Amino acid sequence: MRSDYDSCLKAAASQLIAYEKPYTRICTGFSWHEIGGLRETLIALPGLTLYRNGDVKLFEKILDDLIKENPIYLFKGCDQAESPLRIAEVIQHLIDFTGNEEAVWEKYGSTLKKIVKSYVDGRPGVALHANGLLWSQKEGVPLSWMNAYVKGLPVNERRGYQVETNCLWYNALCCVLEMEGKYGKSRSIMNVCKQIKENIERCFFDLFWVERRRHLADYVGEAGQNVFTRPNQLYACSLKYSPVTEEVQAEILHAVTRELLTTRGIRTLSPKNPLYKSRYEGNQIERDTATHNGCTRPWLLGSYAQAQFKLYGGAFTRAAREMIDGFQEDMNVHGIGSVAEIYDGDPPYMPHGAITSALSVAEILRVKYLIDKYGEDEI
């Protein structure tokens, strides 16, 4: 029954679960998006299950089916540099929600270890360098989630050390080290992870930090730092393990809040950038150019809120409520009773794209869960 904001979100979440025996998958969005996408499933899974109604069994069924259906993508290679590494974050969500640390690692630890080993051994388009970082490069292919094309060419190829890919890589290494240290027996994988982790810690800040902007570079390529103010650096703040200090995380959040935060999500590029496109409108080329160069993504609010609560606890509760309340006003504008995929980067923040988005719905539910979790400590 859709009687209020919360019930609309939960109803939308339930509609985005596709039951196609023998598999249970997530539909990325209506009406034309794919079902069972690797990146999209791993981002949306916790919100559509755990944070919707605490459905651990559904969470595990979807994750189990995803692993079963995607052995090549997970353990060999795919055109998504960072997606397999998101398994670590998904495992951490399940551990935090259930408290069953040992059981979760017993079930999913081998999967994460195989993924980490695949990056160590080398994957097509992704190379592990001596500094411990992953270099992503495939000619003419955008290997990150910013994967729009115009006339057959990527709008944002981001060739090099992508900030979010390497934050997810660091988090995965640390997750293996912690969990295997407690419950596993593989000293060899721990030794490999420990060496790579220490290499990353020696170089990450110096490589990515942009002093004049007081935030991280979006990526570091052959020409050096790409200093655009983008949201990908949020992963240095939101994940359980970060290669930068809390002081640096606070600086990153300040920059994101100042230049990217809106009442309808996080902009994909700062308005101060000459490439900024505030509107998702016009012909196909104009829309595809704008989609990752200014337009907002509601789903990025999940990582943003996680980072803020991680640093500031309940003091962020009121701001978090204000951050997601605006979507209630749009529930009869683009898609009835749900949240759109994309919003304009400037007021009045009109919705666009899929009329209901698994990522948007899931991450708003995640924010609501965090508000309930931290609200008792609100100042």
# chains A, B, ... in the order shown; residues from 1 in each chain; ligands from 1

call {"tool": "residues_around", "arguments": {"residues": "Asn199 of chain A", "least_positions_apart": "2", "cutoff": "10 Å", "atoms": "only C-alpha atoms", "output": "list of chain:residue names"}}
result
A:His129, A:Ala130, A:Asn131, A:Gly132, A:Leu133, A:Cys193, A:Lys194, A:Gln195, A:Ile196, A:Lys197, A:Glu201, A:Arg202, A:Cys203, A:Phe204

call {"tool": "select_by_dssp", "arguments": {"residues": "segment 146-326 of chain A", "states": "strand (DSSP E)", "output": "NGL selection string"}}
result
:A and (149-150 or 153-154 or 161-162 or 209-210 or 215-216 or 219-221 or 224-226 or 261-262 or 265-267 or 296-297)

call {"tool": "residues_around", "arguments": {"residues": "Asp218 of chain A", "least_positions_apart": "6", "cutoff": "9 Å", "atoms": "only C-alpha atoms", "output": "ChimeraX atom specification"}}
result
/A:158,161-164,208,225-233

call {"tool": "residues_around", "arguments": {"residues": "Phe309 of chain A", "least_positions_apart": "2", "cutoff": "10 Å", "atoms": "only C-alpha atoms", "output": "list in words"}}
result
Ser238, Ser303, Tyr304, Ala305, Gln306, Ala307, Leu311, Tyr312, Gly313, Gly314, Ala315, Phe316, Thr317, Ala320, Val367, Leu370, Ile371, Lys373 and Tyr374 of chain A

call {"tool": "write_last_selection", "arguments": {"atoms": "N, CA, C and O atoms", "output": "PDB file, in the first residue's frame"}}
result
ATOM      1  N   SER A 238      33.516   6.884   2.463  1.00  0.00           N
ATOM      2  CA  SER A 238      32.359   6.080   2.847  1.00  0.00           C
ATOM      3  C   SER A 238      32.681   4.626   3.163  1.00  0.00           C
ATOM      4  O   SER A 238      31.968   3.985   3.945  1.00  0.00           O
ATOM      5  N   SER A 303      26.509   6.933  -0.415  1.00  0.00           N
ATOM      6  CA  SER A 303      27.910   7.013   0.006  1.00  0.00           C
ATOM      7  C   SER A 303      28.180   8.317   0.745  1.00  0.00           C
ATOM      8  O   SER A 303      28.956   8.345   1.712  1.00  0.00           O
ATOM      9  N   TYR A 304      27.548   9.403   0.293  1.00  0.00           N
ATOM     10  CA  TYR A 304      27.741  10.695   0.955  1.00  0.00           C
ATOM     11  C   TYR A 304      27.242  10.642   2.403  1.00  0.00           C
ATOM     12  O   TYR A 304      27.955  11.060   3.334  1.00  0.00           O
ATOM     13  N   ALA A 305      26.040  10.116   2.599  1.00  0.00           N
ATOM     14  CA  ALA A 305      25.493  10.028   3.958  1.00  0.00           C
ATOM     15  C   ALA A 305      26.313   9.081   4.826  1.00  0.00           C
ATOM     16  O   ALA A 305      26.592   9.368   5.997  1.00  0.00           O
ATOM     17  N   GLN A 306      26.710   7.948   4.269  1.00  0.00           N
ATOM     18  CA  GLN A 306      27.543   6.999   5.017  1.00  0.00           C
ATOM     19  C   GLN A 306      28.818   7.669   5.496  1.00  0.00           C
ATOM     20  O   GLN A 306      29.247   7.491   6.644  1.00  0.00           O
ATOM     21  N   ALA A 307      29.439   8.452   4.608  1.00  0.00           N
ATOM     22  CA  ALA A 307      30.679   9.138   4.963  1.00  0.00           C
ATOM     23  C   ALA A 307      30.454  10.159   6.070  1.00  0.00           C
ATOM     24  O   ALA A 307      31.261  10.278   7.005  1.00  0.00           O
ATOM     25  N   LEU A 311      31.939   9.943  10.017  1.00  0.00           N
ATOM     26  CA  LEU A 311      32.802  10.953  10.637  1.00  0.00           C
ATOM     27  C   LEU A 311      32.136  11.692  11.791  1.00  0.00           C
ATOM     28  O   LEU A 311      32.779  12.003  12.794  1.00  0.00           O
ATOM     29  N   TYR A 312      30.848  11.995  11.643  1.00  0.00           N
ATOM     30  CA  TYR A 312      30.203  12.923  12.572  1.00  0.00           C
ATOM     31  C   TYR A 312      29.060  12.307  13.372  1.00  0.00           C
ATOM     32  O   TYR A 312      28.460  12.987  14.205  1.00  0.00           O
ATOM     33  N   GLY A 313      28.750  11.042  13.148  1.00  0.00           N
ATOM     34  CA  GLY A 313      27.720  10.382  13.926  1.00  0.00           C
ATOM     35  C   GLY A 313      26.364  11.052  13.809  1.00  0.00           C
ATOM     36  O   GLY A 313      26.003  11.603  12.766  1.00  0.00           O
ATOM     37  N   GLY A 314      25.602  11.037  14.891  1.00  0.00           N
ATOM     38  CA  GLY A 314      24.242  11.560  14.902  1.00  0.00           C
ATOM     39  C   GLY A 314      24.119  13.036  14.601  1.00  0.00           C
ATOM     40  O   GLY A 314      23.022  13.512  14.298  1.00  0.00           O
ATOM     41  N   ALA A 315      25.213  13.772  14.667  1.00  0.00           N
ATOM     42  CA  ALA A 315      25.158  15.205  14.364  1.00  0.00           C
ATOM     43  C   ALA A 315      24.719  15.465  12.929  1.00  0.00           C
ATOM     44  O   ALA A 315      24.266  16.567  12.601  1.00  0.00           O
ATOM     45  N   PHE A 316      24.827  14.456  12.066  1.00  0.00           N
ATOM     46  CA  PHE A 316      24.447  14.646  10.672  1.00  0.00           C
ATOM     47  C   PHE A 316      22.982  14.271  10.410  1.00  0.00           C
ATOM     48  O   PHE A 316      22.487  14.435   9.309  1.00  0.00           O
ATOM     49  N   THR A 317      22.272  13.820  11.401  1.00  0.00           N
ATOM     50  CA  THR A 317      20.922  13.279  11.211  1.00  0.00           C
ATOM     51  C   THR A 317      19.973  14.284  10.579  1.00  0.00           C
ATOM     52  O   THR A 317      19.258  13.970   9.617  1.00  0.00           O
ATOM     53  N   ALA A 320      20.745  14.898   7.003  1.00  0.00           N
ATOM     54  CA  ALA A 320      20.409  13.725   6.193  1.00  0.00           C
ATOM     55  C   ALA A 320      18.921  13.701   5.864  1.00  0.00           C
ATOM     56  O   ALA A 320      18.525  13.383   4.731  1.00  0.00           O
ATOM     57  N   VAL A 367      19.886   5.630   3.193  1.00  0.00           N
ATOM     58  CA  VAL A 367      19.997   6.856   3.994  1.00  0.00           C
ATOM     59  C   VAL A 367      18.963   6.845   5.110  1.00  0.00           C
ATOM     60  O   VAL A 367      19.264   7.204   6.260  1.00  0.00           O
ATOM     61  N   LEU A 370      20.177   4.668   7.849  1.00  0.00           N
ATOM     62  CA  LEU A 370      21.242   5.317   8.617  1.00  0.00           C
ATOM     63  C   LEU A 370      20.681   6.385   9.550  1.00  0.00           C
ATOM     64  O   LEU A 370      21.171   6.560  10.671  1.00  0.00           O
ATOM     65  N   ILE A 371      19.658   7.091   9.105  1.00  0.00           N
ATOM     66  CA  ILE A 371      19.014   8.089   9.962  1.00  0.00           C
ATOM     67  C   ILE A 371      18.430   7.415  11.200  1.00  0.00           C
ATOM     68  O   ILE A 371      18.591   7.895  12.330  1.00  0.00           O
ATOM     69  N   LYS A 373      19.384   4.575  12.438  1.00  0.00           N
ATOM     70  CA  LYS A 373      20.494   3.992  13.200  1.00  0.00           C
ATOM     71  C   LYS A 373      21.203   5.039  14.057  1.00  0.00           C
ATOM     72  O   LYS A 373      21.536   4.774  15.220  1.00  0.00           O
ATOM     73  N   TYR A 374      21.450   6.204  13.491  1.00  0.00           N
ATOM     74  CA  TYR A 374      22.222   7.226  14.190  1.00  0.00           C
ATOM     75  C   TYR A 374      21.364   8.282  14.879  1.00  0.00           C
ATOM     76  O   TYR A 374      21.893   9.108  15.630  1.00  0.00           O
TER      77      TYR A 374
END

call {"tool": "closest_residue", "arguments": {"among": "A:Ser7, A:Asn283, A:Ser278, A:Thr111", "to": "Arg86 of chain A", "atoms": "only C-alpha atoms"}}
result
A:Thr111

call {"tool": "closest_residue", "arguments": {"among": "A:Ala44, A:Ile67, A:Ala172, A:Ile72", "to": "Ala88 of chain A", "atoms": "only C-alpha atoms"}}
result
A:Ala172

call {"tool": "closest_residue", "arguments": {"among": "A:Ala290, A:Met146, A:Leu365, A:Leu359", "to": "Asp325 of chain A", "atoms": "only C-alpha atoms"}}
result
A:Leu365

call {"tool": "closest_residue", "arguments": {"among": "A:Thr245, A:Asn156, A:Thr165, A:Asn147", "to": "Pro84 of chain A", "atoms": "only C-alpha atoms"}}
result
A:Thr165

call {"tool": "closest_residue", "arguments": {"among": "A:Val150, A:Leu300, A:Val116, A:Ala81", "to": "Glu286 of chain A", "atoms": "only C-alpha atoms"}}
result
A:Val150

call {"tool": "atom_distance", "arguments": {"atom1": "atom CA of Cys27 of chain A", "atom2": "atom CA of Ala358 of chain A"}}
result
6.8 Å

call {"tool": "closest_residue", "arguments": {"among": "A:Tyr349, A:Tyr183, A:Tyr241, A:Trp105", "to": "Asn166 of chain A", "atoms": "only C-alpha atoms"}}
result
A:Tyr241

call {"tool": "residues_around", "arguments": {"residues": "Asp121 of chain A", "least_positions_apart": "4", "cutoff": "12 Å", "atoms": "only C-alpha atoms", "output": "PyMOL selection string"}}
result
chain A and resi 75-77+114-117+126-129+134+192

call {"tool": "write_last_selection", "arguments": {"atoms": "N, CA, C and O atoms", "output": "PDB file, in the first residue's frame"}}
result
ATOM      1  N   PHE A  75      35.819 -13.185 -11.947  1.00  0.00           N
ATOM      2  CA  PHE A  75      37.114 -13.815 -11.692  1.00  0.00           C
ATOM      3  C   PHE A  75      38.100 -13.750 -12.858  1.00  0.00           C
ATOM      4  O   PHE A  75      39.261 -14.098 -12.698  1.00  0.00           O
ATOM      5  N   LYS A  76      37.634 -13.268 -14.012  1.00  0.00           N
ATOM      6  CA  LYS A  76      38.513 -13.203 -15.182  1.00  0.00           C
ATOM      7  C   LYS A  76      38.672 -11.787 -15.719  1.00  0.00           C
ATOM      8  O   LYS A  76      39.793 -11.287 -15.865  1.00  0.00           O
ATOM      9  N   GLY A  77      37.563 -11.133 -16.033  1.00  0.00           N
ATOM     10  CA  GLY A  77      37.654  -9.784 -16.574  1.00  0.00           C
ATOM     11  C   GLY A  77      36.339  -9.316 -17.145  1.00  0.00           C
ATOM     12  O   GLY A  77      35.474 -10.113 -17.520  1.00  0.00           O
ATOM     13  N   LYS A 114      39.143 -14.905  -4.471  1.00  0.00           N
ATOM     14  CA  LYS A 114      39.339 -15.187  -5.900  1.00  0.00           C
ATOM     15  C   LYS A 114      39.327 -13.898  -6.721  1.00  0.00           C
ATOM     16  O   LYS A 114      40.078 -13.749  -7.683  1.00  0.00           O
ATOM     17  N   ILE A 115      38.459 -12.966  -6.332  1.00  0.00           N
ATOM     18  CA  ILE A 115      38.412 -11.672  -7.023  1.00  0.00           C
ATOM     19  C   ILE A 115      39.717 -10.919  -6.832  1.00  0.00           C
ATOM     20  O   ILE A 115      40.310 -10.406  -7.792  1.00  0.00           O
ATOM     21  N   VAL A 116      40.182 -10.838  -5.601  1.00  0.00           N
ATOM     22  CA  VAL A 116      41.446 -10.147  -5.324  1.00  0.00           C
ATOM     23  C   VAL A 116      42.581 -10.792  -6.107  1.00  0.00           C
ATOM     24  O   VAL A 116      43.412 -10.106  -6.714  1.00  0.00           O
ATOM     25  N   LYS A 117      42.623 -12.114  -6.124  1.00  0.00           N
ATOM     26  CA  LYS A 117      43.680 -12.810  -6.859  1.00  0.00           C
ATOM     27  C   LYS A 117      43.624 -12.491  -8.352  1.00  0.00           C
ATOM     28  O   LYS A 117      44.664 -12.385  -9.019  1.00  0.00           O
ATOM     29  N   VAL A 126      42.860  -3.815 -16.784  1.00  0.00           N
ATOM     30  CA  VAL A 126      43.218  -3.382 -15.430  1.00  0.00           C
ATOM     31  C   VAL A 126      44.554  -4.010 -15.046  1.00  0.00           C
ATOM     32  O   VAL A 126      44.681  -5.238 -15.035  1.00  0.00           O
ATOM     33  N   ALA A 127      45.528  -3.177 -14.718  1.00  0.00           N
ATOM     34  CA  ALA A 127      46.863  -3.670 -14.373  1.00  0.00           C
ATOM     35  C   ALA A 127      47.249  -3.236 -12.964  1.00  0.00           C
ATOM     36  O   ALA A 127      47.053  -2.077 -12.590  1.00  0.00           O
ATOM     37  N   LEU A 128      47.777  -4.167 -12.190  1.00  0.00           N
ATOM     38  CA  LEU A 128      48.306  -3.853 -10.868  1.00  0.00           C
ATOM     39  C   LEU A 128      49.746  -3.371 -11.023  1.00  0.00           C
ATOM     40  O   LEU A 128      50.593  -4.089 -11.552  1.00  0.00           O
ATOM     41  N   HIS A 129      50.017  -2.151 -10.560  1.00  0.00           N
ATOM     42  CA  HIS A 129      51.358  -1.588 -10.661  1.00  0.00           C
ATOM     43  C   HIS A 129      52.138  -1.800  -9.364  1.00  0.00           C
ATOM     44  O   HIS A 129      51.570  -2.152  -8.327  1.00  0.00           O
ATOM     45  N   LEU A 134      45.749   0.195  -9.027  1.00  0.00           N
ATOM     46  CA  LEU A 134      45.217  -0.381 -10.255  1.00  0.00           C
ATOM     47  C   LEU A 134      45.108   0.690 -11.337  1.00  0.00           C
ATOM     48  O   LEU A 134      44.498   1.737 -11.129  1.00  0.00           O
ATOM     49  N   VAL A 192      50.211 -11.418   0.429  1.00  0.00           N
ATOM     50  CA  VAL A 192      50.075 -10.626  -0.799  1.00  0.00           C
ATOM     51  C   VAL A 192      49.281  -9.359  -0.521  1.00  0.00           C
ATOM     52  O   VAL A 192      49.683  -8.254  -0.915  1.00  0.00           O
TER      53      VAL A 192
END

call {"tool": "select_by_dssp", "arguments": {"residues": "segment 29-66 of chain A", "states": "alpha helix (DSSP H)", "output": "list in words"}}
result
Leu38, Arg39, Glu40, Thr41, Leu42, Ile43, Ala44, Leu45, Pro46, Gly47, Leu48, Leu50, Tyr51, Arg52, Asn53, Val56, Lys57, Leu58, Phe59, Glu60, Lys61, Ile62, Leu63, Asp64, Asp65 and Leu66 of chain A

call {"tool": "atom_distance", "arguments": {"atom1": "atom CA of Ala223 of chain A", "atom2": "atom CA of Gln249 of chain A"}}
result
25.3 Å

call {"tool": "atom_distance", "arguments": {"atom1": "atom CA of Thr263 of chain A", "atom2": "atom CA of Asn53 of chain A"}}
result
25.5 Å
